[in-house]
>>> print(open('entry-v1.csv').read())   # CSV, C-alpha atoms
chain,number,residue,atom,x,y,z
A,1,MET,CA,9.4,-3.9,-12.7
A,2,LEU,CA,10.4,-0.9,-10.7
A,3,LYS,CA,13.9,-1.2,-9.0
A,4,ILE,CA,15.0,1.3,-6.4
A,5,GLU,CA,18.8,1.1,-5.8
A,6,ASN,CA,20.5,2.8,-2.9
A,7,ILE,CA,18.4,6.0,-2.9
A,8,PHE,CA,20.2,8.7,-0.8
A,9,LEU,CA,18.8,12.1,-0.1
A,10,LYS,CA,19.7,14.8,2.4
A,11,LYS,CA,17.0,17.4,3.4
A,12,GLY,CA,18.1,19.7,6.2
A,13,ASN,CA,19.1,17.4,9.0
A,14,PHE,CA,17.1,14.4,7.6
A,15,PHE,CA,18.5,11.6,5.4
A,16,LEU,CA,16.9,9.0,3.3
A,17,ASN,CA,19.7,6.5,3.8
A,18,ASN,CA,20.5,4.1,0.9
A,19,ILE,CA,17.0,2.6,0.4
A,20,SER,CA,16.7,-0.3,-2.0
A,21,PHE,CA,13.7,-2.5,-3.0
A,22,GLU,CA,12.0,-3.9,-6.1
A,23,ILE,CA,8.3,-3.9,-7.1
A,24,LYS,CA,6.9,-6.4,-9.6
A,25,LYS,CA,4.2,-5.6,-12.1
A,26,ASN,CA,0.6,-5.2,-10.7
A,27,LYS,CA,1.7,-5.5,-7.0
A,28,TYR,CA,0.5,-3.4,-4.0
A,29,ILE,CA,3.4,-2.2,-1.8
A,30,VAL,CA,2.9,-0.4,1.5
A,31,MET,CA,5.6,1.5,3.2
A,32,LEU,CA,4.8,1.6,6.9
A,33,GLY,CA,6.4,4.0,9.3
A,34,LYS,CA,5.9,6.7,11.9
A,35,THR,CA,5.1,10.3,11.0
A,36,GLY,CA,8.4,12.0,10.1
A,37,SER,CA,10.1,8.7,9.1
A,38,GLY,CA,10.7,9.7,5.5
A,39,LYS,CA,7.8,8.0,3.8
A,40,THR,CA,6.6,11.0,1.8
A,41,LEU,CA,10.1,12.0,0.9
A,42,LEU,CA,10.7,8.5,-0.5
A,43,LEU,CA,7.6,8.8,-2.7
A,44,GLU,CA,8.6,12.2,-3.9
A,45,SER,CA,12.0,10.9,-4.7
A,46,ILE,CA,10.6,8.1,-6.8
A,47,ALA,CA,8.3,10.5,-8.5
A,48,GLY,CA,11.3,12.7,-9.5
A,49,PHE,CA,10.6,15.7,-7.3
A,50,HIS,CA,14.0,15.6,-5.7
A,51,LYS,CA,17.5,15.2,-7.0
A,52,ILE,CA,18.8,12.0,-5.5
A,53,GLU,CA,21.9,9.8,-5.3
A,54,GLY,CA,21.3,6.2,-6.3
A,55,LYS,CA,19.3,4.7,-9.2
A,56,ILE,CA,15.7,4.3,-10.2
A,57,ILE,CA,15.2,1.6,-12.9
A,58,PHE,CA,11.8,1.2,-14.5
A,59,GLY,CA,11.6,-1.8,-16.9
A,60,ASP,CA,15.0,-1.7,-18.6
A,61,LYS,CA,15.3,2.1,-18.4
A,62,ASN,CA,17.3,4.2,-16.0
A,63,ILE,CA,14.8,7.0,-15.1
A,64,THR,CA,16.8,8.5,-12.2
A,65,ASN,CA,17.2,11.9,-13.8
A,66,LEU,CA,14.0,11.8,-15.9
A,67,ALA,CA,11.5,14.7,-15.4
A,68,PRO,CA,8.5,13.7,-13.3
A,69,GLU,CA,6.0,14.1,-16.1
A,70,LYS,CA,7.9,11.6,-18.3
A,71,ARG,CA,8.0,8.8,-15.7
A,72,GLU,CA,4.4,7.5,-16.3
A,73,PHE,CA,3.8,7.7,-12.5
A,74,GLY,CA,0.7,9.0,-10.8
A,75,PHE,CA,0.9,10.8,-7.4
A,76,LEU,CA,-1.9,11.3,-5.0
A,77,TYR,CA,-1.2,13.4,-1.9
A,78,GLN,CA,-3.3,13.0,1.3
A,79,ASP,CA,-5.0,16.4,0.8
A,80,PHE,CA,-6.0,15.3,-2.8
A,81,GLN,CA,-5.1,18.7,-4.4
A,82,LEU,CA,-8.1,18.9,-6.6
A,83,PHE,CA,-8.4,21.9,-9.0
A,84,LYS,CA,-10.9,24.2,-7.3
A,85,ASN,CA,-11.8,26.1,-10.5
A,86,LEU,CA,-12.9,22.9,-12.2
A,87,ASN,CA,-15.9,20.7,-11.6
A,88,VAL,CA,-15.6,17.0,-10.8
A,89,GLU,CA,-15.7,15.8,-14.4
A,90,LYS,CA,-13.1,18.3,-15.6
A,91,ASN,CA,-10.9,17.4,-12.7
A,92,ILE,CA,-11.0,13.7,-13.7
A,93,ARG,CA,-10.4,14.5,-17.4
A,94,PHE,CA,-7.6,17.0,-16.8
A,95,SER,CA,-5.0,14.7,-18.3
A,96,GLU,CA,-6.8,14.6,-21.6
A,97,ARG,CA,-4.9,17.7,-22.7
A,98,PHE,CA,-1.7,15.6,-22.5
A,99,LYS,CA,-2.8,12.0,-23.0
A,100,GLY,CA,-5.9,12.3,-25.1
A,101,LYS,CA,-9.3,10.8,-24.4
A,102,ASN,CA,-10.1,7.3,-23.3
A,103,ILE,CA,-13.9,7.1,-22.9
A,104,LYS,CA,-13.9,3.4,-22.0
A,105,LEU,CA,-11.5,4.0,-19.1
A,106,PHE,CA,-13.4,7.1,-18.0
A,107,ASN,CA,-16.8,5.3,-17.9
A,108,ASP,CA,-15.2,2.4,-16.1
A,109,LEU,CA,-13.7,4.7,-13.4
A,110,ILE,CA,-17.0,6.5,-13.0
A,111,ASN,CA,-18.9,3.2,-12.4
A,112,PHE,CA,-16.2,1.6,-10.3
A,113,LEU,CA,-15.8,4.6,-8.0
A,114,SER,CA,-19.6,5.5,-8.0
A,115,LEU,CA,-19.1,9.0,-9.3
A,116,LYS,CA,-21.9,9.4,-11.8
A,117,ASP,CA,-24.1,11.6,-9.5
A,118,VAL,CA,-21.4,14.1,-8.7
A,119,LEU,CA,-19.8,14.7,-12.1
A,120,LYS,CA,-21.2,18.2,-12.5
A,121,ARG,CA,-20.7,19.3,-9.0
A,122,ASP,CA,-18.2,21.9,-7.7
A,123,VAL,CA,-15.3,20.2,-5.8
A,124,LEU,CA,-15.6,22.6,-2.9
A,125,SER,CA,-19.0,21.1,-2.0
A,126,LEU,CA,-17.8,17.5,-1.7
A,127,SER,CA,-17.2,15.3,1.3
A,128,GLY,CA,-13.8,13.9,2.1
A,129,GLY,CA,-14.7,10.5,0.8
A,130,GLU,CA,-15.9,12.0,-2.5
A,131,LYS,CA,-12.8,14.1,-2.9
A,132,GLN,CA,-10.6,11.0,-2.3
A,133,ARG,CA,-12.5,9.0,-5.0
A,134,ILE,CA,-12.3,11.9,-7.5
A,135,ALA,CA,-8.5,12.4,-6.9
A,136,LEU,CA,-8.1,8.6,-7.4
A,137,ALA,CA,-10.1,8.6,-10.6
A,138,ARG,CA,-8.1,11.6,-11.9
A,139,ALA,CA,-4.8,9.9,-11.1
A,140,ILE,CA,-5.8,6.6,-12.8
A,141,TYR,CA,-7.3,8.4,-15.8
A,142,SER,CA,-3.8,9.8,-16.5
A,143,ARG,CA,-2.9,6.1,-17.2
A,144,PRO,CA,0.1,5.7,-14.9
A,145,LYS,CA,2.1,2.5,-14.7
A,146,VAL,CA,2.9,3.1,-11.1
A,147,LEU,CA,0.6,4.9,-8.7
A,148,LEU,CA,2.1,6.6,-5.6
A,149,LEU,CA,-0.3,7.2,-2.7
A,150,ASP,CA,0.7,9.4,0.2
A,151,GLU,CA,-1.5,8.6,3.3
A,152,PRO,CA,-4.6,8.3,1.0
A,153,LEU,CA,-7.0,7.4,3.8
A,154,SER,CA,-5.8,9.8,6.5
A,155,ALA,CA,-8.5,12.4,5.8
A,156,ILE,CA,-11.3,9.9,5.3
A,157,ASP,CA,-14.1,9.4,7.8
A,158,PRO,CA,-13.4,6.0,9.5
A,159,THR,CA,-16.9,4.8,8.5
A,160,LEU,CA,-15.9,5.0,4.8
A,161,ARG,CA,-12.4,3.5,5.1
A,162,ASN,CA,-13.4,-0.1,4.6
A,163,GLU,CA,-15.2,0.7,1.3
A,164,ILE,CA,-12.3,2.7,0.0
A,165,MET,CA,-9.8,0.1,1.0
A,166,LYS,CA,-11.8,-2.5,-1.0
A,167,ASN,CA,-11.5,-0.1,-4.0
A,168,LEU,CA,-7.8,0.4,-3.6
A,169,LYS,CA,-7.1,-3.3,-3.3
A,170,GLN,CA,-8.7,-3.9,-6.7
A,171,LEU,CA,-6.7,-1.2,-8.5
A,172,PRO,CA,-3.5,-3.2,-9.6
A,173,SER,CA,-5.4,-6.0,-11.4
A,174,ARG,CA,-8.2,-3.8,-12.7
A,175,TYR,CA,-6.1,-1.1,-14.2
A,176,ASN,CA,-2.8,-2.9,-14.8
A,177,LEU,CA,-0.6,-0.8,-12.5
A,178,SER,CA,1.6,-1.1,-9.4
A,179,ILE,CA,1.1,0.8,-6.3
A,180,ILE,CA,3.3,2.2,-3.6
A,181,HIS,CA,1.2,3.4,-0.6
A,182,VAL,CA,2.7,5.0,2.4
A,183,THR,CA,0.9,5.1,5.8
A,184,HIS,CA,1.4,4.8,9.6
A,185,ASN,CA,-1.8,2.7,9.8
A,186,PHE,CA,-1.1,-1.0,10.5
A,187,ARG,CA,-4.6,-2.1,9.5
A,188,GLU,CA,-4.3,-0.5,6.0
A,189,ALA,CA,-1.0,-2.2,5.5
A,190,SER,CA,-2.1,-5.7,6.6
A,191,TYR,CA,-5.2,-5.6,4.4
A,192,LEU,CA,-3.8,-4.0,1.2
A,193,ALA,CA,-0.2,-5.0,0.9
A,194,ASP,CA,1.4,-7.8,-1.1
A,195,LYS,CA,4.6,-6.6,0.5
A,196,ILE,CA,5.4,-4.3,3.3
A,197,GLY,CA,8.4,-2.1,3.9
A,198,ILE,CA,9.2,-0.8,7.4
A,199,ILE,CA,10.8,2.7,7.2
A,200,LEU,CA,12.0,4.4,10.3
A,201,ASN,CA,14.3,7.4,10.6
A,202,GLY,CA,15.0,7.4,6.9
A,203,LYS,CA,16.1,3.8,6.8
A,204,LEU,CA,14.3,0.8,5.2
A,205,LEU,CA,14.6,-1.7,8.0
A,206,GLN,CA,12.7,-4.6,6.5
A,207,PHE,CA,11.0,-5.3,3.2
A,208,ASP,CA,9.2,-8.6,2.6
A,209,GLU,CA,5.9,-10.3,2.1
A,210,THR,CA,3.2,-9.0,4.4
A,211,ASP,CA,2.8,-12.0,6.7
A,212,LYS,CA,6.6,-12.3,7.1
A,213,VAL,CA,7.0,-8.7,8.1
A,214,LEU,CA,4.0,-8.6,10.5
A,215,ASN,CA,4.8,-12.0,12.1
A,216,ALA,CA,8.6,-12.2,12.0
A,217,PRO,CA,10.2,-8.8,12.5
A,218,ALA,CA,13.8,-8.7,11.4
A,219,SER,CA,15.1,-6.6,14.2
A,220,LEU,CA,14.3,-5.3,17.7
A,221,GLU,CA,13.5,-1.9,16.3
A,222,VAL,CA,10.9,-3.3,13.9
A,223,ALA,CA,9.4,-5.5,16.6
A,224,LYS,CA,8.9,-2.6,18.9
A,225,PHE,CA,7.4,-0.5,16.2
A,226,LEU,CA,5.0,-3.2,15.2
A,227,GLY,CA,3.8,-3.4,18.9
A,228,PHE,CA,5.3,-6.8,19.9
A,229,LYS,CA,5.0,-7.4,23.6
A,230,ASN,CA,7.2,-9.4,26.0
A,231,ILE,CA,10.5,-8.9,24.2
A,232,PHE,CA,13.4,-10.4,26.1
A,233,GLU,CA,16.9,-11.8,25.6
A,234,LEU,CA,17.0,-15.5,24.6
A,235,SER,CA,19.2,-16.2,27.7
A,236,ILE,CA,15.9,-16.4,29.7
A,237,LEU,CA,15.1,-19.6,27.8
A,238,GLY,CA,18.5,-21.1,28.6
A,239,PHE,CA,20.4,-20.0,25.5
A,240,GLU,CA,23.9,-19.4,26.8
A,241,ASN,CA,25.7,-16.2,25.9
A,242,SER,CA,22.9,-15.1,23.6
A,243,HIS,CA,22.1,-11.4,23.1
A,244,LYS,CA,19.4,-12.2,20.5
A,245,PHE,CA,15.7,-11.7,21.4
A,246,PHE,CA,12.3,-13.4,21.4
A,247,SER,CA,8.8,-12.3,21.9
A,248,ILE,CA,5.7,-14.0,23.2
A,249,ASP,CA,2.1,-12.9,22.8
A,250,PRO,CA,0.4,-12.0,26.1
A,251,ASN,CA,-2.6,-14.1,25.0
A,252,LEU,CA,-0.5,-17.2,24.5
A,253,ILE,CA,1.0,-17.4,28.0
A,254,TYR,CA,-0.5,-19.8,30.5
A,255,LEU,CA,-0.4,-19.1,34.2
A,256,SER,CA,-0.8,-21.9,36.7
A,257,LYS,CA,-0.4,-22.6,40.4
A,258,GLU,CA,1.5,-25.8,39.5
A,259,LYS,CA,4.1,-26.6,36.9
A,260,SER,CA,2.4,-27.6,33.6
A,261,GLU,CA,3.5,-29.6,30.5
A,262,TYR,CA,4.5,-26.7,28.3
A,263,ASP,CA,7.9,-26.4,26.5
A,264,TYR,CA,8.8,-23.6,28.9
A,265,CYS,CA,7.4,-23.2,32.4
A,266,PHE,CA,9.1,-21.0,35.0
A,267,GLU,CA,8.4,-20.3,38.6
A,268,SER,CA,7.8,-16.6,39.1
A,269,LYS,CA,5.9,-14.0,41.2
A,270,VAL,CA,3.0,-11.7,40.5
A,271,ASP,CA,4.2,-8.2,40.3
A,272,GLU,CA,0.9,-6.4,39.5
A,273,VAL,CA,-2.8,-7.1,38.6
A,274,MET,CA,-5.1,-4.8,36.7
A,275,GLY,CA,-8.8,-5.5,36.0
A,276,ILE,CA,-10.0,-4.5,32.5
A,277,THR,CA,-13.5,-4.7,31.1
A,278,ASP,CA,-13.3,-8.3,29.8
A,279,HIS,CA,-10.0,-9.6,31.2
A,280,PHE,CA,-7.2,-9.0,33.6
A,281,LYS,CA,-3.7,-7.7,32.8
A,282,VAL,CA,-1.3,-9.6,35.0
A,283,TYR,CA,2.4,-8.6,35.2
A,284,ILE,CA,4.7,-11.4,36.2
A,285,LYS,CA,8.2,-11.0,37.5
A,286,LEU,CA,10.7,-13.6,36.2
A,287,LYS,CA,14.2,-12.8,37.5
A,288,ASP,CA,14.7,-9.2,36.5
A,289,ASN,CA,12.1,-9.3,33.7
A,290,ILE,CA,8.4,-8.3,33.7
A,291,PHE,CA,6.1,-10.4,31.5
A,292,PHE,CA,2.7,-9.0,30.5
A,293,VAL,CA,-0.1,-11.7,30.4
A,294,LYS,CA,-3.8,-11.4,29.5
A,295,VAL,CA,-6.0,-13.6,31.6
A,296,SER,CA,-9.8,-14.1,31.1
A,297,LYS,CA,-12.0,-13.1,34.0
A,298,ASN,CA,-13.3,-16.6,34.5
A,299,TYR,CA,-9.8,-18.2,34.7
A,300,PHE,CA,-8.6,-15.3,36.9
A,301,LYS,CA,-11.3,-16.2,39.4
A,302,ILE,CA,-9.9,-19.7,39.5
A,303,LEU,CA,-6.3,-18.5,40.0
A,304,ASN,CA,-7.3,-15.8,42.5
A,305,LEU,CA,-3.9,-14.1,42.0
A,306,LYS,CA,-2.6,-11.3,44.2
A,307,LYS,CA,0.6,-9.3,44.3
A,308,ASP,CA,3.6,-11.4,45.3
A,309,ASP,CA,1.9,-14.7,44.8
A,310,ASN,CA,4.0,-17.5,43.4
A,311,VAL,CA,2.8,-18.6,40.0
A,312,PHE,CA,4.2,-20.6,37.0
A,313,ILE,CA,4.4,-18.8,33.7
A,314,CYS,CA,4.3,-21.2,30.8
A,315,PHE,CA,4.3,-21.1,27.0
A,316,ASN,CA,5.2,-23.3,24.0
A,317,LYS,CA,8.1,-23.0,21.6
A,318,LYS,CA,5.8,-22.8,18.6
A,319,ASP,CA,4.3,-19.6,19.9
A,320,ILE,CA,7.6,-17.8,20.3
A,321,VAL,CA,8.7,-15.2,17.7
A,322,PHE,CA,12.5,-15.1,17.4
A,323,ILE,CA,13.9,-11.7,16.6
>>> encode(input="entry-v1.csv", output="structure tokens")
Amino acid sequence: MLKIENIFLKKGNFFLNNISFEIKKNKYIVMLGKTGSGKTLLLESIAGFHKIEGKIIFGDKNITNLAPEKREFGFLYQDFQLFKNLNVEKNIRFSERFKGKNIKLFNDLINFLSLKDVLKRDVLSLSGGEKQRIALARAIYSRPKVLLLDEPLSAIDPTLRNEIMKNLKQLPSRYNLSIIHVTHNFREASYLADKIGIILNGKLLQFDETDKVLNAPASLEVAKFLGFKNIFELSILGFENSHKFFSIDPNLIYLSKEKSEYDYCFESKVDEVMGITDHFKVYIKLKDNIFFVKVSKNYFKILNLKKDDNVFICFNKKDIVFI
């Protein structure tokens, strides 16, 4: 197990602010955040590239002040950093001078990542996808117990991402290692992660199982970052003196000319209508709040809504996300 306890680091005017989390063996962790949120700095701190406050415990050993090369961690930057003076095979086998040979592992990596046909090639002649697979093979061949991936798919052609994501997802069980992968890409995170951490402005705002993070944000800041729509105070729903929030998906709101049998149904007015290729975006004014609703073209024809029309906006309690 890798345990991060209250990591604190100041770099210029930026802070990593008391970040704590744990990773169990053979788990895939994704740290999700905007560019400049501190994701790479966190990886580098775990790798030992920066002097930090706090603790890093690996197994039963405190490795906070251990040199990077003694941590048994692998690090893969987004630009891959292959050795330009070495061919593909020599790049992959670079760690042999420190770790010795492991022919079985080498052959398995070559087969798993489909690198047999490029082993003798110069790395400068490779595509982005090939470079990524070679850098990954080199990192795993050094036999790390934890692999740190810094935006590993950012330089990859979108047509290759699905294939590479499938490879990444198999790594923990196949090679007996844990992964911390940082990205700003929601799709990567939702597909790959056993657990997701949301890191913004140097703070870890939420860390939990993937479904919980993506479907039950722990704060307003996390909800907005994840793209939740229709975020309002609970007082709209009749909760007295409440300054907590809820969100409702635009696809799960029902509009009607008459009051319907939903858990919540409010009389309101149409504020704006926008026609999109396959649906209408309808903005509904309820008191001082504007709800965004997606309406299919067929149903919109039935409603025939125009600006300032009266309409009921309805939804069920089970579809509400409480924040």
>>> closest_residue(input="entry-v1.csv", among="A:Ser142, A:Asp157, A:Gly202, A:Lys195", to="A:Lys10", atoms="only C-alpha atoms")
A:Gly202
>>> residues_around(input="entry-v1.csv", residues="A:Leu204", least_positions_apart="2", cutoff="12 Å", atoms="all atoms listed in the file", output="PDB file with C-alpha atoms, in the frame of the given file")
ATOM      1  CA  ILE A   4      15.000   1.300  -6.400  1.00  0.00           C
ATOM      2  CA  GLU A   5      18.800   1.100  -5.800  1.00  0.00           C
ATOM      3  CA  ASN A   6      20.500   2.800  -2.900  1.00  0.00           C
ATOM      4  CA  ILE A   7      18.400   6.000  -2.900  1.00  0.00           C
ATOM      5  CA  PHE A   8      20.200   8.700  -0.800  1.00  0.00           C
ATOM      6  CA  PHE A  15      18.500  11.600   5.400  1.00  0.00           C
ATOM      7  CA  LEU A  16      16.900   9.000   3.300  1.00  0.00           C
ATOM      8  CA  ASN A  17      19.700   6.500   3.800  1.00  0.00           C
ATOM      9  CA  ASN A  18      20.500   4.100   0.900  1.00  0.00           C
ATOM     10  CA  ILE A  19      17.000   2.600   0.400  1.00  0.00           C
ATOM     11  CA  SER A  20      16.700  -0.300  -2.000  1.00  0.00           C
ATOM     12  CA  PHE A  21      13.700  -2.500  -3.000  1.00  0.00           C
ATOM     13  CA  MET A  31       5.600   1.500   3.200  1.00  0.00           C
ATOM     14  CA  LEU A  32       4.800   1.600   6.900  1.00  0.00           C
ATOM     15  CA  GLY A  33       6.400   4.000   9.300  1.00  0.00           C
ATOM     16  CA  SER A  37      10.100   8.700   9.100  1.00  0.00           C
ATOM     17  CA  GLY A  38      10.700   9.700   5.500  1.00  0.00           C
ATOM     18  CA  LYS A  39       7.800   8.000   3.800  1.00  0.00           C
ATOM     19  CA  LEU A  42      10.700   8.500  -0.500  1.00  0.00           C
ATOM     20  CA  ILE A 196       5.400  -4.300   3.300  1.00  0.00           C
ATOM     21  CA  GLY A 197       8.400  -2.100   3.900  1.00  0.00           C
ATOM     22  CA  ILE A 198       9.200  -0.800   7.400  1.00  0.00           C
ATOM     23  CA  ILE A 199      10.800   2.700   7.200  1.00  0.00           C
ATOM     24  CA  LEU A 200      12.000   4.400  10.300  1.00  0.00           C
ATOM     25  CA  ASN A 201      14.300   7.400  10.600  1.00  0.00           C
ATOM     26  CA  GLY A 202      15.000   7.400   6.900  1.00  0.00           C
ATOM     27  CA  GLN A 206      12.700  -4.600   6.500  1.00  0.00           C
ATOM     28  CA  PHE A 207      11.000  -5.300   3.200  1.00  0.00           C
ATOM     29  CA  ASP A 208       9.200  -8.600   2.600  1.00  0.00           C
ATOM     30  CA  ALA A 218      13.800  -8.700  11.400  1.00  0.00           C
ATOM     31  CA  SER A 219      15.100  -6.600  14.200  1.00  0.00           C
ATOM     32  CA  GLU A 221      13.500  -1.900  16.300  1.00  0.00           C
ATOM     33  CA  VAL A 222      10.900  -3.300  13.900  1.00  0.00           C
TER      34      VAL A 222
END
>>> residues_around(input="entry-v1.csv", residues="A:Asn162", least_positions_apart="3", cutoff="12 Å", atoms="only C-alpha atoms", output="VMD selection string")
chain A and resid 129 153 156 to 159 165 to 169 187 to 188 191 to 192
>>> axis_aligned_box(input="entry-v1.csv", around="stretch 110-115 of chain A", padding_each_side="4 Å", output="AutoDock Vina command-line options")
--center_x -17.7 --center_y 5.3 --center_z -10.5 --size_x 11.8 --size_y 15.4 --size_z 13.0
>>> residues_around(input="entry-v1.csv", residues="A:Lys51", least_positions_apart="3", cutoff="10 Å", atoms="only C-alpha atoms", output="JSON, numbers by chain")
{"A": [8, 9, 10, 44, 45, 46, 48, 54, 64, 65]}
>>> residues_around(input="entry-v1.csv", residues="A:Met1", least_positions_apart="4", cutoff="7 Å", atoms="only C-alpha atoms", output="compact mmCIF listing (two decimals) with C-alpha atoms, in the coordinates of the input")
# COMPACT_ATOMS: atom_id res chain seq x y z
CA ILE A 23 8.30 -3.90 -7.10
CA LYS A 24 6.90 -6.40 -9.60
CA LYS A 25 4.20 -5.60 -12.10
CA PHE A 58 11.80 1.20 -14.50
CA GLY A 59 11.60 -1.80 -16.90
>>> atom_distance(input="entry-v1.csv", atom1="atom CA of A:Phe280", atom2="atom CA of A:Tyr299")
9.6 Å
>>> atom_distance(input="entry-v1.csv", atom1="atom CA of A:Ile179", atom2="atom CA of A:Asn26")
7.5 Å
>>> closest_residue(input="entry-v1.csv", among="A:Lys203, A:Val118, A:Phe322, A:Tyr254", to="A:Pro217", atoms="only C-alpha atoms")
A:Phe322
>>> residues_around(input="entry-v1.csv", residues="stretch 256-269 of chain A", least_positions_apart="3", cutoff="9 Å", atoms="all atoms listed in the file", output="VMD selection string")
chain A and resid 237 283 to 287 303 307 to 318
>>> closest_residue(input="entry-v1.csv", among="A:Asn230, A:Asn13, A:Gln132, A:Asn176", to="A:Val146", atoms="all atoms listed in the file")
A:Asn176
>>> closest_residue(input="entry-v1.csv", among="A:Thr40, A:Val282, A:Gly100, A:Ala47", to="A:Asn304", atoms="all atoms listed in the file")
A:Val282
>>> atom_distance(input="entry-v1.csv", atom1="atom CA of A:Lys3", atom2="atom CA of A:Asp150")
19.3 Å
>>> closest_residue(input="entry-v1.csv", among="A:Lys70, A:His50, A:Leu149, A:Asp117", to="A:Lys11", atoms="all atoms listed in the file")
A:His50
>>> build_atoms(input="entry-v1.csv", residues="stretch 267-273 of chain A", atoms="all heavy atoms", output="PDB file, in the frame of the given file")
ATOM      1  N   GLU A 267       8.929 -20.815  37.382  1.00  0.00           N
ATOM      2  CA  GLU A 267       8.400 -20.300  38.600  1.00  0.00           C
ATOM      3  C   GLU A 267       8.657 -18.829  38.748  1.00  0.00           C
ATOM      4  O   GLU A 267       9.781 -18.385  38.502  1.00  0.00           O
ATOM      5  CB  GLU A 267       8.916 -21.076  39.822  1.00  0.00           C
ATOM      6  CG  GLU A 267       8.185 -20.767  41.115  1.00  0.00           C
ATOM      7  CD  GLU A 267       8.598 -21.688  42.255  1.00  0.00           C
ATOM      8  OE1 GLU A 267       9.519 -22.499  42.051  1.00  0.00           O
ATOM      9  OE2 GLU A 267       7.990 -21.594  43.334  1.00  0.00           O
ATOM     10  N   SER A 268       7.647 -18.052  39.103  1.00  0.00           N
ATOM     11  CA  SER A 268       7.800 -16.600  39.100  1.00  0.00           C
ATOM     12  C   SER A 268       6.871 -16.001  40.162  1.00  0.00           C
ATOM     13  O   SER A 268       6.210 -16.724  40.914  1.00  0.00           O
ATOM     14  CB  SER A 268       7.495 -16.032  37.726  1.00  0.00           C
ATOM     15  OG  SER A 268       6.226 -16.489  37.293  1.00  0.00           O
ATOM     16  N   LYS A 269       6.799 -14.661  40.184  1.00  0.00           N
ATOM     17  CA  LYS A 269       5.900 -14.000  41.200  1.00  0.00           C
ATOM     18  C   LYS A 269       5.039 -12.972  40.451  1.00  0.00           C
ATOM     19  O   LYS A 269       5.411 -12.384  39.425  1.00  0.00           O
ATOM     20  CB  LYS A 269       6.790 -13.235  42.196  1.00  0.00           C
ATOM     21  CG  LYS A 269       7.320 -14.096  43.323  1.00  0.00           C
ATOM     22  CD  LYS A 269       8.000 -13.239  44.381  1.00  0.00           C
ATOM     23  CE  LYS A 269       8.484 -14.095  45.542  1.00  0.00           C
ATOM     24  NZ  LYS A 269       7.372 -14.714  46.298  1.00  0.00           N
ATOM     25  N   VAL A 270       3.864 -12.760  41.019  1.00  0.00           N
ATOM     26  CA  VAL A 270       3.000 -11.700  40.500  1.00  0.00           C
ATOM     27  C   VAL A 270       3.484 -10.372  40.939  1.00  0.00           C
ATOM     28  O   VAL A 270       3.709 -10.129  42.128  1.00  0.00           O
ATOM     29  CB  VAL A 270       1.517 -11.946  41.045  1.00  0.00           C
ATOM     30  CG1 VAL A 270       0.617 -10.810  40.573  1.00  0.00           C
ATOM     31  CG2 VAL A 270       0.976 -13.295  40.607  1.00  0.00           C
ATOM     32  N   ASP A 271       3.656  -9.496  39.966  1.00  0.00           N
ATOM     33  CA  ASP A 271       4.200  -8.200  40.300  1.00  0.00           C
ATOM     34  C   ASP A 271       3.014  -7.152  40.378  1.00  0.00           C
ATOM     35  O   ASP A 271       3.058  -6.250  41.208  1.00  0.00           O
ATOM     36  CB  ASP A 271       5.127  -7.714  39.160  1.00  0.00           C
ATOM     37  CG  ASP A 271       5.822  -6.413  39.494  1.00  0.00           C
ATOM     38  OD1 ASP A 271       6.674  -6.411  40.389  1.00  0.00           O
ATOM     39  OD2 ASP A 271       5.491  -5.384  38.847  1.00  0.00           O
ATOM     40  N   GLU A 272       1.990  -7.318  39.520  1.00  0.00           N
ATOM     41  CA  GLU A 272       0.900  -6.400  39.500  1.00  0.00           C
ATOM     42  C   GLU A 272      -0.333  -7.009  38.830  1.00  0.00           C
ATOM     43  O   GLU A 272      -0.169  -7.814  37.905  1.00  0.00           O
ATOM     44  CB  GLU A 272       1.260  -5.073  38.814  1.00  0.00           C
ATOM     45  CG  GLU A 272       0.240  -3.960  38.917  1.00  0.00           C
ATOM     46  CD  GLU A 272       0.676  -2.686  38.194  1.00  0.00           C
ATOM     47  OE1 GLU A 272       1.813  -2.647  37.693  1.00  0.00           O
ATOM     48  OE2 GLU A 272      -0.133  -1.749  38.132  1.00  0.00           O
ATOM     49  N   VAL A 273      -1.536  -6.634  39.258  1.00  0.00           N
ATOM     50  CA  VAL A 273      -2.800  -7.100  38.600  1.00  0.00           C
ATOM     51  C   VAL A 273      -3.660  -5.915  38.327  1.00  0.00           C
ATOM     52  O   VAL A 273      -3.871  -5.050  39.185  1.00  0.00           O
ATOM     53  CB  VAL A 273      -3.532  -8.084  39.575  1.00  0.00           C
ATOM     54  CG1 VAL A 273      -4.875  -8.469  38.960  1.00  0.00           C
ATOM     55  CG2 VAL A 273      -2.701  -9.321  39.852  1.00  0.00           C
TER      56      VAL A 273
END
